[in-house]
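Shown here: model_15.cif, mmCIF, C-alpha atoms.
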```
data_structure
loop_
_atom_site.label_atom_id
_atom_site.label_comp_id
_atom_site.auth_asym_id
_atom_site.auth_seq_id
_atom_site.Cartn_x
_atom_site.Cartn_y
_atom_site.Cartn_z
CA MET F 25 -62.05 -68.96 40.31
CA HIS F 26 -64.15 -66.42 42.23
CA SER F 27 -63.84 -62.69 41.60
CA LEU F 28 -63.68 -60.10 44.34
CA GLN F 29 -66.88 -58.18 45.05
CA PHE F 30 -66.86 -55.04 47.20
CA THR F 31 -69.94 -54.80 49.44
CA ALA F 32 -69.34 -51.65 51.53
CA GLU F 33 -66.90 -48.73 51.78
CA SER F 34 -66.08 -46.10 54.39
CA SER F 35 -63.12 -43.91 55.31
CA SER F 36 -61.73 -42.23 58.40
CA ASN F 37 -58.46 -40.71 59.57
CA GLY F 38 -56.64 -41.26 56.29
CA MET F 39 -57.67 -44.90 55.81
CA VAL F 40 -60.24 -46.39 53.42
CA GLU F 41 -62.07 -49.54 54.54
CA ARG F 42 -63.72 -51.77 51.93
CA ASP F 43 -65.64 -54.92 52.80
CA PHE F 44 -65.43 -57.64 50.16
CA THR F 45 -66.27 -61.22 49.37
CA VAL F 46 -64.39 -63.78 47.28
CA GLY F 47 -67.00 -66.45 46.67
CA ASP F 48 -68.38 -67.04 50.17
CA ILE F 49 -65.23 -65.81 51.94
CA PRO F 50 -65.80 -62.44 53.70
CA GLY F 51 -62.92 -60.02 54.06
CA VAL F 52 -61.88 -56.42 54.47
CA LEU F 53 -59.31 -54.38 52.56
CA TRP F 54 -57.79 -51.30 54.21
CA SER F 55 -55.91 -48.81 52.04
CA PRO F 56 -54.29 -45.37 52.39
CA ALA F 57 -56.82 -42.65 51.60
CA SER F 58 -54.25 -40.68 49.58
CA GLY F 59 -52.41 -41.83 46.51
CA THR F 60 -53.48 -43.88 43.50
CA ASP F 61 -50.16 -45.57 42.69
CA ARG F 62 -49.69 -49.26 43.21
CA ALA F 63 -48.64 -50.20 46.73
CA PRO F 64 -47.45 -53.37 48.48
CA LEU F 65 -50.01 -55.68 50.05
CA VAL F 66 -49.88 -57.15 53.56
CA LEU F 67 -52.12 -60.12 54.33
CA MET F 68 -53.10 -60.29 57.98
CA GLY F 69 -54.39 -63.31 59.92
CA HIS F 70 -56.52 -62.71 63.01
CA GLY F 71 -56.22 -64.60 66.30
CA GLY F 72 -58.36 -67.45 67.58
CA GLY F 73 -61.85 -66.40 68.57
CA GLN F 74 -61.39 -63.05 66.78
CA HIS F 75 -62.51 -61.83 63.36
CA LYS F 76 -61.41 -59.69 60.43
CA LYS F 77 -62.41 -56.36 62.04
CA HIS F 78 -61.28 -57.10 65.58
CA PRO F 79 -59.75 -53.96 67.16
CA ALA F 80 -56.32 -55.60 67.06
CA MET F 81 -56.67 -56.01 63.29
CA ALA F 82 -57.91 -52.46 62.73
CA GLY F 83 -55.08 -51.09 64.87
CA ARG F 84 -52.40 -52.96 62.95
CA ALA F 85 -54.03 -51.95 59.69
CA ARG F 86 -53.82 -48.27 60.64
CA LEU F 87 -50.09 -48.61 61.28
CA LEU F 88 -49.52 -50.45 58.00
CA THR F 89 -51.63 -48.15 55.82
CA GLY F 90 -49.67 -45.31 57.42
CA CYS F 91 -46.61 -46.91 55.81
CA GLY F 92 -48.36 -46.88 52.43
CA PHE F 93 -49.49 -50.51 52.35
CA HIS F 94 -52.79 -52.14 51.46
CA VAL F 95 -53.90 -54.55 54.21
CA ALA F 96 -56.32 -57.46 53.75
CA VAL F 97 -57.93 -59.76 56.33
CA ILE F 98 -60.41 -62.59 55.80
CA ASP F 99 -62.46 -64.38 58.43
CA ALA F 100 -60.98 -67.77 59.27
CA PRO F 101 -63.33 -70.77 59.01
CA GLY F 102 -65.83 -70.71 61.88
CA HIS F 103 -64.94 -67.13 62.81
CA GLY F 104 -66.49 -63.71 62.28
CA ASP F 105 -69.26 -63.88 59.68
CA ARG F 106 -68.64 -67.55 58.96
CA PRO F 107 -70.79 -70.15 60.78
CA ARG F 108 -69.22 -72.79 62.98
CA THR F 109 -69.54 -76.42 61.97
CA GLU F 110 -70.48 -79.19 64.39
CA HIS F 111 -66.80 -80.17 64.38
CA ASP F 112 -65.87 -76.61 65.40
CA GLU F 113 -68.32 -76.69 68.28
CA GLN F 114 -66.94 -80.02 69.51
CA ASP F 115 -63.35 -78.79 69.45
CA ILE F 116 -64.23 -75.54 71.21
CA ALA F 117 -66.23 -77.36 73.90
CA GLU F 118 -63.27 -79.68 74.49
CA LEU F 119 -60.96 -76.69 74.76
CA ARG F 120 -63.18 -74.90 77.27
CA LYS F 121 -63.40 -78.10 79.36
CA ALA F 122 -59.61 -78.44 79.44
CA GLN F 123 -59.17 -74.78 80.38
CA ALA F 124 -61.72 -75.07 83.21
CA ALA F 125 -59.94 -78.13 84.57
CA GLY F 126 -56.50 -76.55 84.31
CA GLU F 127 -55.37 -79.18 81.84
CA PRO F 128 -52.96 -78.55 78.92
CA GLU F 129 -54.78 -76.96 76.00
CA GLY F 130 -51.97 -77.20 73.46
CA PRO F 131 -52.91 -80.59 71.94
CA ILE F 132 -56.51 -79.44 71.40
CA VAL F 133 -55.59 -76.05 69.91
CA VAL F 134 -52.93 -77.58 67.66
CA ARG F 135 -55.38 -80.11 66.26
CA TYR F 136 -58.20 -77.57 65.85
CA ASN F 137 -56.01 -74.93 64.21
CA ALA F 138 -54.40 -77.44 61.86
CA ARG F 139 -57.84 -78.44 60.64
CA LEU F 140 -58.78 -74.79 60.08
CA ALA F 141 -55.53 -74.21 58.19
CA GLU F 142 -56.31 -76.98 55.71
CA VAL F 143 -59.38 -75.00 54.66
CA ALA F 144 -57.97 -71.49 55.07
CA VAL F 145 -54.72 -71.81 53.09
CA PRO F 146 -56.42 -72.33 49.69
CA GLU F 147 -58.94 -69.64 50.65
CA TRP F 148 -56.10 -67.19 51.22
CA GLN F 149 -54.54 -68.12 47.89
CA ALA F 150 -57.85 -67.52 46.11
CA THR F 151 -58.19 -64.19 47.93
CA LEU F 152 -54.67 -63.16 46.92
CA ASP F 153 -55.45 -64.07 43.31
CA ALA F 154 -58.51 -61.80 43.44
CA LEU F 155 -56.78 -58.92 45.22
CA GLN F 156 -53.98 -58.89 42.66
CA GLU F 157 -56.58 -58.28 39.96
CA LEU F 158 -57.11 -54.80 41.46
CA PRO F 159 -55.16 -52.11 39.59
CA GLU F 160 -53.96 -50.52 42.85
CA ILE F 161 -52.31 -53.82 43.87
CA GLY F 162 -51.41 -55.71 40.68
CA THR F 163 -49.62 -59.00 40.16
CA ASP F 164 -46.05 -57.72 40.35
CA GLY F 165 -46.04 -55.97 43.72
CA PRO F 166 -44.51 -57.38 46.91
CA VAL F 167 -46.71 -59.23 49.41
CA GLY F 168 -46.19 -59.78 53.14
CA TYR F 169 -48.04 -61.75 55.81
CA VAL F 170 -48.52 -61.12 59.53
CA GLY F 171 -50.42 -63.32 61.99
CA ILE F 172 -50.12 -64.26 65.66
CA GLY F 173 -51.68 -67.34 67.31
CA LEU F 174 -54.27 -68.75 64.89
CA GLY F 175 -52.82 -66.28 62.39
CA THR F 176 -49.54 -68.19 62.64
CA ALA F 177 -51.22 -71.60 62.47
CA ILE F 178 -52.79 -70.58 59.15
CA GLY F 179 -50.15 -68.20 57.85
CA LEU F 180 -47.10 -70.38 58.33
CA PRO F 181 -48.30 -73.19 56.03
CA LEU F 182 -49.56 -70.51 53.63
CA VAL F 183 -46.15 -68.83 53.40
CA ALA F 184 -44.51 -72.25 53.02
CA VAL F 185 -46.40 -72.90 49.77
CA GLU F 186 -47.02 -69.38 48.44
CA PRO F 187 -44.02 -67.88 46.58
CA ARG F 188 -45.71 -64.48 46.19
CA ILE F 189 -45.25 -63.80 49.92
CA THR F 190 -41.73 -62.45 50.45
CA ALA F 191 -41.67 -61.50 54.16
CA ALA F 192 -43.63 -62.68 57.21
CA VAL F 193 -44.27 -61.97 60.89
CA PHE F 194 -45.37 -64.84 63.13
CA GLY F 195 -45.61 -65.74 66.81
CA MET F 196 -47.39 -67.34 69.75
CA HIS F 197 -48.08 -70.91 68.67
CA TRP F 198 -47.07 -74.46 69.49
CA PRO F 199 -44.62 -76.04 67.02
CA ASP F 200 -46.17 -79.53 66.79
CA ALA F 201 -47.94 -79.21 63.42
CA LEU F 202 -45.77 -76.39 62.06
CA VAL F 203 -42.10 -77.37 62.31
CA GLU F 204 -41.96 -79.19 58.96
CA LYS F 205 -43.67 -76.24 57.26
CA ALA F 206 -41.27 -73.80 58.94
CA LYS F 207 -38.34 -75.74 57.48
CA GLN F 208 -39.68 -74.84 54.01
CA ILE F 209 -39.71 -71.08 54.68
CA THR F 210 -36.69 -69.09 53.50
CA VAL F 211 -38.11 -65.54 53.33
CA PRO F 212 -37.23 -62.99 56.06
CA VAL F 213 -39.15 -63.73 59.27
CA GLU F 214 -39.81 -61.80 62.47
CA PHE F 215 -41.08 -63.98 65.33
CA ALA F 216 -42.60 -62.71 68.59
CA MET F 217 -43.01 -64.69 71.81
CA GLN F 218 -43.82 -64.10 75.46
CA TRP F 219 -41.03 -65.37 77.71
CA ASP F 220 -43.35 -66.12 80.65
CA ASN F 221 -46.20 -67.55 78.55
CA GLU F 222 -48.38 -69.76 80.75
CA ARG F 223 -49.97 -71.47 77.74
CA ILE F 224 -47.09 -72.02 75.31
CA PRO F 225 -43.79 -73.08 76.97
CA ARG F 226 -40.84 -70.95 75.91
CA GLU F 227 -39.07 -74.12 74.69
CA ALA F 228 -41.94 -74.66 72.25
CA SER F 229 -41.65 -71.13 70.85
CA LEU F 230 -37.88 -71.43 70.57
CA ALA F 231 -38.22 -74.75 68.73
CA LEU F 232 -40.57 -73.21 66.17
CA PHE F 233 -38.30 -70.20 65.64
CA ASP F 234 -35.29 -72.47 65.25
CA ALA F 235 -37.06 -74.48 62.53
CA PHE F 236 -37.32 -71.60 60.03
CA ALA F 237 -34.84 -72.02 57.18
CA SER F 238 -34.68 -68.25 56.63
CA LYS F 239 -31.22 -66.70 56.46
CA GLU F 240 -32.75 -63.58 58.00
CA LYS F 241 -34.91 -64.32 61.01
CA THR F 242 -35.32 -62.25 64.16
CA LEU F 243 -36.68 -63.37 67.53
CA HIS F 244 -38.51 -60.89 69.77
CA ALA F 245 -38.86 -62.34 73.28
CA ASN F 246 -40.86 -60.11 75.60
CA ALA F 247 -41.33 -60.52 79.34
CA GLY F 248 -44.89 -61.31 80.34
CA LYS F 249 -47.67 -63.84 79.94
CA HIS F 250 -49.65 -64.92 76.87
CA PHE F 251 -51.86 -61.86 76.59
CA ASP F 252 -49.17 -59.36 77.62
CA MET F 253 -47.54 -58.90 74.22
CA PRO F 254 -46.56 -55.21 74.06
CA ARG F 255 -48.24 -52.98 71.53
CA PHE F 256 -44.86 -51.87 70.18
CA GLU F 257 -44.56 -55.27 68.48
CA ALA F 258 -47.11 -53.99 65.95
CA ASP F 259 -44.85 -50.99 65.27
CA SER F 260 -41.91 -53.34 64.85
CA ALA F 261 -43.85 -55.40 62.32
CA ALA F 262 -44.61 -52.23 60.34
CA ARG F 263 -40.90 -51.34 60.25
CA PHE F 264 -40.08 -54.92 59.22
CA PHE F 265 -42.41 -54.71 56.24
CA ALA F 266 -41.15 -51.24 55.36
CA ARG F 267 -37.66 -52.73 55.05
CA HIS F 268 -38.68 -55.76 53.04
CA LEU F 269 -41.60 -54.48 50.95
CA GLY F 270 -40.07 -51.15 50.05
CA ARG F 271 -42.03 -48.44 51.83
CA THR F 272 -41.07 -45.78 54.40
CA VAL F 273 -42.51 -45.81 57.90
CA THR F 274 -44.48 -42.66 58.63
CA SER F 275 -46.85 -41.72 61.41
CA PRO F 276 -50.46 -42.48 60.44
CA ALA F 277 -52.73 -39.47 60.07
#
```
Entire entry expressed as structure tokens:
Amino acid sequence: MHSLQFTAESSSNGMVERDFTVGDIPGVLWSPASGTDRAPLVLMGHGGGQHKKHPAMAGRARLLTGCGFHVAVIDAPGHGDRPRTEHDEQDIAELRKAQAAGEPEGPIVVRYNARLAEVAVPEWQATLDALQELPEIGTDGPVGYVGIGLGTAIGLPLVAVEPRITAAVFGMHWPDALVEKAKQITVPVEFAMQWDNERIPREASLALFDAFASKEKTLHANAGKHFDMPRFEADSAARFFARHLGRTVTSPA
């Protein structure tokens, strides 16, 4: 088991940012600048082609730390500070070729993301083990997960096998490799989709949402194409976690 090592720290606008490693896995932990009491933890998965400090991740983190949560992100395999393998390069080249030809990309992305998830799920579990060693997080506090796209491809099988995660936000992925995992998930789920998505047919998103075994699950269907997801979905996710992880939504400083 690898311990967590902090490698850098900075703060701005009421949020503390700490870079860390768990073994050779690089990550970042964002925390509220004020308060020393234990607080819930939200794990956050970045999208495909992004990284742990992508602006979308930092923006969501600011909303969540404003609610009093700690927020952790790690680079997915082949992303951010992690080198791509030859297999990664082959899959990405195949994807770019399909996109250029106007051919369906779903089968390629599903296969590629499923392979990444096989590596990333145990990495996330090891990271959660290490984060819960921190006194400001602890082993008895609630844990949530949010991830869209690749973040769903990795996070959904993680939540299916990880009982410490008690609420999750997903969206924007094909169901092919995920339906059986979704059937194992019973925690509250919020799921976001784009109704006019040119990449993921709405029937595919509806099939994945339908597969969750959760008694409490909410579907957010927004008009627009794949990259048109409204920013207020991030606010909605913060309110979702405030309900289920026990914090009050406040405006970030």
Exercise for the section: List the residues selected by the PyMOL selection byres ((chain F and resi 75) around 7) in the file shown, writing them as a VMD selection string. Expected result: chain F and resid 70 73 to 74 76 to 78 99 103 to 104
Save the residues we just selected, C-alpha atoms, as a PDB file, keeping the file's coordinate frame?
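The file below, part-v9.pdb, is the result:
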```
ATOM      1  CA  HIS F  70     -56.520 -62.710  63.010  1.00  0.00           C
ATOM      2  CA  GLY F  73     -61.850 -66.400  68.570  1.00  0.00           C
ATOM      3  CA  GLN F  74     -61.390 -63.050  66.780  1.00  0.00           C
ATOM      4  CA  LYS F  76     -61.410 -59.690  60.430  1.00  0.00           C
ATOM      5  CA  LYS F  77     -62.410 -56.360  62.040  1.00  0.00           C
ATOM      6  CA  HIS F  78     -61.280 -57.100  65.580  1.00  0.00           C
ATOM      7  CA  ASP F  99     -62.460 -64.380  58.430  1.00  0.00           C
ATOM      8  CA  HIS F 103     -64.940 -67.130  62.810  1.00  0.00           C
ATOM      9  CA  GLY F 104     -66.490 -63.710  62.280  1.00  0.00           C
TER      10      GLY F 104
END
```
Problem - Residues within 12 Å of F:Thr31, only C-alpha atoms, excluding chain neighbours under 3 positions, as a list in words - result: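 Everything that qualifies: Leu28, Ser34, Glu41, Arg42, Asp43, Phe44, Thr45, Val46, Pro50, Gly51, Val52 and Leu53 of chain F.
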Problem - Expected selection from the PyMOL selection byres ((chain F and resi 197-201) around 9), given as a list in words - result: Gly130, Pro131, Val133, Val134, Arg135, Ala138, Ile172, Gly173, Leu174, Thr176, Ala177, Phe194, Gly195, Met196, Leu202, Val203, Glu204, Lys205, Met217, Ile224, Pro225, Ala228, Ser229, Leu230, Ala231, Leu232, Phe233 and Ala235 of chain F
Handout entry: Residues in the PyMOL selection byres ((chain F and resi 160-168) around 7), expressed as a VMD selection string
Key = chain F and resid 60 to 67 155 to 159 169 to 170 188 to 192 269
Practice task
Rounded to one decimal place, report the atom CA of F:Glu110-atom CA of F:Tyr136 distance in Å.
Solution key: 12.5 Å
Fill in the blank from the handout: In terms of all atoms listed in the file, the residue from F:His250, F:Ala82, F:Gln114, F:Ala100 at minimal distance from F:Trp148 is F:Ala100
Completion exercise
Counting only C-alpha atoms, closest pick from F:Gln218, F:Gly47, F:Met68, F:Leu88 relative to F:Glu147 is F:Gly47
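The shortest atom-to-atom distance to F:Ala154, with only C-alpha atoms taken into account, belongs to F:His26 out of F:His26, F:Arg223, F:Ser238, F:Gly83.
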Could the centre and edge lengths of an axis-aligned box, enclosing all atoms of stretch 211-225 of chain F in the file with 5 Å extra on each side, be given in Å to one decimal as AutoDock Vina command-line options?
```
--center_x -43.6 --center_y -67.4 --center_z 67.0 --size_x 22.7 --size_y 21.3 --size_z 37.4
```
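Here atom CA of F:Gln29 is placed at a distance of 10.3 Å from atom CA of F:Asp48.
Distance annotation: of F:Ile178, F:Ile132, F:Val213, F:Ala124, the residue with the minimal separation from F:Val145 is F:Ile178; atom set is only C-alpha atoms.
For the atom pair formed by atom CA of F:Ser35 and atom CA of F:Ala57, the distance is 7.4 Å, given to one decimal.
Restricting the calculation to only C-alpha atoms, the smallest distance between F:Val211 and any of F:Val143, F:Glu240, F:Ala245, F:Glu227 is found for F:Glu240.
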Problem - Shortest interatomic distance to F:Val183 - which of F:His111, F:Arg139, F:Arg263, F:Lys207, counting only C-alpha atoms - result: F:Lys207
Practice task
Would you list the contacts of F:Leu243 as an NGL selection string, taking every protein, DNA or RNA residue within 7 Å and counting all atoms listed in the file, but skipping same-chain residues closer than 3 positions in sequence?
Solution key: :F and (214-216)
